[in-house]
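*Asks:* The file below is data-v9.pdb, PDB, C-alpha atoms, pLDDT in the B column:
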ATOM      1  CA  MET U   1      91.264  79.785  86.272  1.00 84.00           C
ATOM      2  CA  LEU U   2      90.878  76.119  87.069  1.00 81.00           C
ATOM      3  CA  SER U   3      92.777  73.786  89.348  1.00 81.00           C
ATOM      4  CA  TYR U   4      93.478  70.711  87.260  1.00 82.00           C
ATOM      5  CA  SER U   5      95.301  68.816  90.006  1.00 87.00           C
ATOM      6  CA  PHE U   6      92.955  69.345  92.948  1.00 89.00           C
ATOM      7  CA  ASN U   7      89.181  68.994  93.144  1.00 89.00           C
ATOM      8  CA  THR U   8      86.867  70.910  95.500  1.00 91.00           C
ATOM      9  CA  ALA U   9      87.485  68.410  98.305  1.00 90.00           C
ATOM     10  CA  GLU U  10      91.154  69.482  98.303  1.00 92.00           C
ATOM     11  CA  VAL U  11      91.093  73.175  97.307  1.00 90.00           C
ATOM     12  CA  ARG U  12      88.446  75.859  96.792  1.00 91.00           C
ATOM     13  CA  ILE U  13      89.071  78.883  94.578  1.00 90.00           C
ATOM     14  CA  VAL U  14      86.840  81.958  94.816  1.00 89.00           C
ATOM     15  CA  TRP U  15      86.905  85.595  93.755  1.00 89.00           C
ATOM     16  CA  ARG U  16      87.761  88.184  96.393  1.00 89.00           C
ATOM     17  CA  ASP U  17      84.726  89.963  97.855  1.00 86.00           C
ATOM     18  CA  TRP U  18      86.376  93.359  97.286  1.00 86.00           C
ATOM     19  CA  GLU U  19      87.515  94.248  93.770  1.00 85.00           C
ATOM     20  CA  PRO U  20      87.467  90.721  92.318  1.00 86.00           C
ATOM     21  CA  VAL U  21      88.920  91.938  89.017  1.00 85.00           C
ATOM     22  CA  SER U  22      91.276  94.903  89.082  1.00 83.00           C
ATOM     23  CA  ILE U  23      91.509  97.053  85.972  1.00 79.00           C
ATOM     24  CA  PRO U  24      94.417  99.500  85.756  1.00 76.00           C
ATOM     25  CA  ASP U  25      93.818 103.200  85.259  1.00 71.00           C
ATOM     26  CA  PRO U  26      92.334 103.489  81.745  1.00 62.00           C
ATOM     27  CA  ASP U  27      94.615 106.428  80.965  1.00 64.00           C
ATOM     28  CA  SER U  28      97.775 104.465  81.738  1.00 61.00           C
ATOM     29  CA  LYS U  29      97.021 101.436  79.546  1.00 62.00           C
ATOM     30  CA  ASN U  30      95.044 101.528  76.350  1.00 69.00           C
ATOM     31  CA  LEU U  31      94.476  99.681  73.135  1.00 75.00           C
ATOM     32  CA  PRO U  32      94.367 102.049  70.154  1.00 76.00           C
ATOM     33  CA  ASP U  33      91.653  99.999  68.437  1.00 83.00           C
ATOM     34  CA  PHE U  34      89.374  99.157  71.382  1.00 84.00           C
ATOM     35  CA  GLU U  35      87.631 100.528  74.446  1.00 84.00           C
ATOM     36  CA  LEU U  36      86.774  98.352  77.454  1.00 85.00           C
ATOM     37  CA  VAL U  37      82.991  98.537  77.841  1.00 87.00           C
ATOM     38  CA  GLN U  38      82.377  96.139  80.718  1.00 88.00           C
ATOM     39  CA  PHE U  39      83.542  92.986  82.398  1.00 88.00           C
ATOM     40  CA  MET U  40      81.764  90.267  84.353  1.00 92.00           C
ATOM     41  CA  HIS U  41      83.144  87.674  86.717  1.00 93.00           C
ATOM     42  CA  ARG U  42      81.560  84.464  87.941  1.00 94.00           C
ATOM     43  CA  ASN U  43      82.292  81.214  89.719  1.00 92.00           C
ATOM     44  CA  ALA U  44      81.498  77.856  88.197  1.00 92.00           C
ATOM     45  CA  THR U  45      81.687  74.317  89.499  1.00 92.00           C
ATOM     46  CA  LEU U  46      82.492  71.723  86.865  1.00 91.00           C
ATOM     47  CA  VAL U  47      81.191  68.197  87.340  1.00 94.00           C
ATOM     48  CA  TYR U  48      83.346  65.295  86.169  1.00 92.00           C
ATOM     49  CA  THR U  49      83.190  61.595  86.962  1.00 92.00           C
ATOM     50  CA  ALA U  50      86.281  62.056  89.167  1.00 90.00           C
ATOM     51  CA  GLY U  51      84.642  64.830  91.227  1.00 91.00           C
ATOM     52  CA  LEU U  52      83.896  68.554  91.290  1.00 94.00           C
ATOM     53  CA  TRP U  53      86.305  71.331  90.243  1.00 93.00           C
ATOM     54  CA  ASP U  54      85.975  75.065  90.904  1.00 93.00           C
ATOM     55  CA  GLN U  55      86.535  77.445  88.016  1.00 93.00           C
ATOM     56  CA  LEU U  56      86.848  81.235  87.979  1.00 93.00           C
ATOM     57  CA  GLU U  57      85.700  82.989  84.814  1.00 94.00           C
ATOM     58  CA  VAL U  58      85.998  86.579  83.641  1.00 93.00           C
ATOM     59  CA  GLU U  59      84.470  87.969  80.450  1.00 94.00           C
ATOM     60  CA  PHE U  60      85.620  91.254  78.928  1.00 90.00           C
ATOM     61  CA  THR U  61      83.519  93.207  76.419  1.00 91.00           C
ATOM     62  CA  PHE U  62      85.343  95.613  74.109  1.00 89.00           C
ATOM     63  CA  ARG U  63      84.032  98.119  71.579  1.00 89.00           C
ATOM     64  CA  ARG U  64      86.007  98.697  68.395  1.00 88.00           C
ATOM     65  CA  LEU U  65      87.012 102.319  67.840  1.00 83.00           C
ATOM     66  CA  TYR U  66      86.555 102.920  64.119  1.00 79.00           C
ATOM     67  CA  GLY U  67      87.863 106.482  64.288  1.00 71.00           C
ATOM     68  CA  TYR U  68      91.363 105.068  64.664  1.00 54.00           C
ATOM     69  CA  TYR U  69      91.194 103.704  61.106  1.00 60.00           C
ATOM     70  CA  VAL U  70      89.661 106.875  59.658  1.00 62.00           C
ATOM     71  CA  LEU U  71      92.505 109.005  61.023  1.00 60.00           C
ATOM     72  CA  GLN U  72      95.312 106.737  59.814  1.00 59.00           C
TER      73      GLN U  72
END
How does the structure come out when it is put into structure tokens?
*Replies:*
Amino acid sequence: MLSYSFNTAEVRIVWRDWEPVSIPDPDSKNLPDFELVQFMHRNATLVYTAGLWDQLEVEFTFRRLYGYYVLQ
């Protein structure tokens, strides 16, 4: 997530200290081909000639479930 209109002098965006990324119950939502292995979140500050912009990043790592194709 990035604020394109406002730099860090006007708005700061940060992850919550508690549960920064919420993942629903794995049994309620699933992808038949993949399993969520891990996720990482981080803050970044982008430097442009017009100023500094905060950016929130999240990276999801999935593992492909090959058994799904074998059983089809």
*Asks:* On this file, the PyMOL selection byres ((chain U and resi 8) around 7) gives some set of residues; write that set as a PyMOL selection string.
*Replies:* chain U and resi 6-7+9-12+52-54
*Asks:* When you count all atoms listed in the file, which of these residues is closest to Ile13 in chain U: U:Thr61, U:Thr49, U:Asn43, U:Gln38?
*Replies:* U:Asn43
*Asks:* Taking 3 positions as the minimum chain separation for residues in the same chain, which residues sit within 12 Å of range 18-25 of chain U when counting only C-alpha atoms? Answer as an MDAnalysis selection string.
*Replies:* chainID U and resid 14:15 28:30 36:43 56:60
*Asks:* Between CA of Gln55 in chain U and CA of Asp17 in chain U, what is the spacing in Å?
*Replies:*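 A separation of 16.0 Å between them.
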*Asks:* Of the candidates U:Tyr66, U:Pro32, U:Tyr4, U:Arg16, which shows the shortest atom-to-atom distance to Ala50 in chain U, using all atoms listed in the file?
*Replies:*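 With all atoms listed in the file as the atom set, the closest residue is U:Tyr4.
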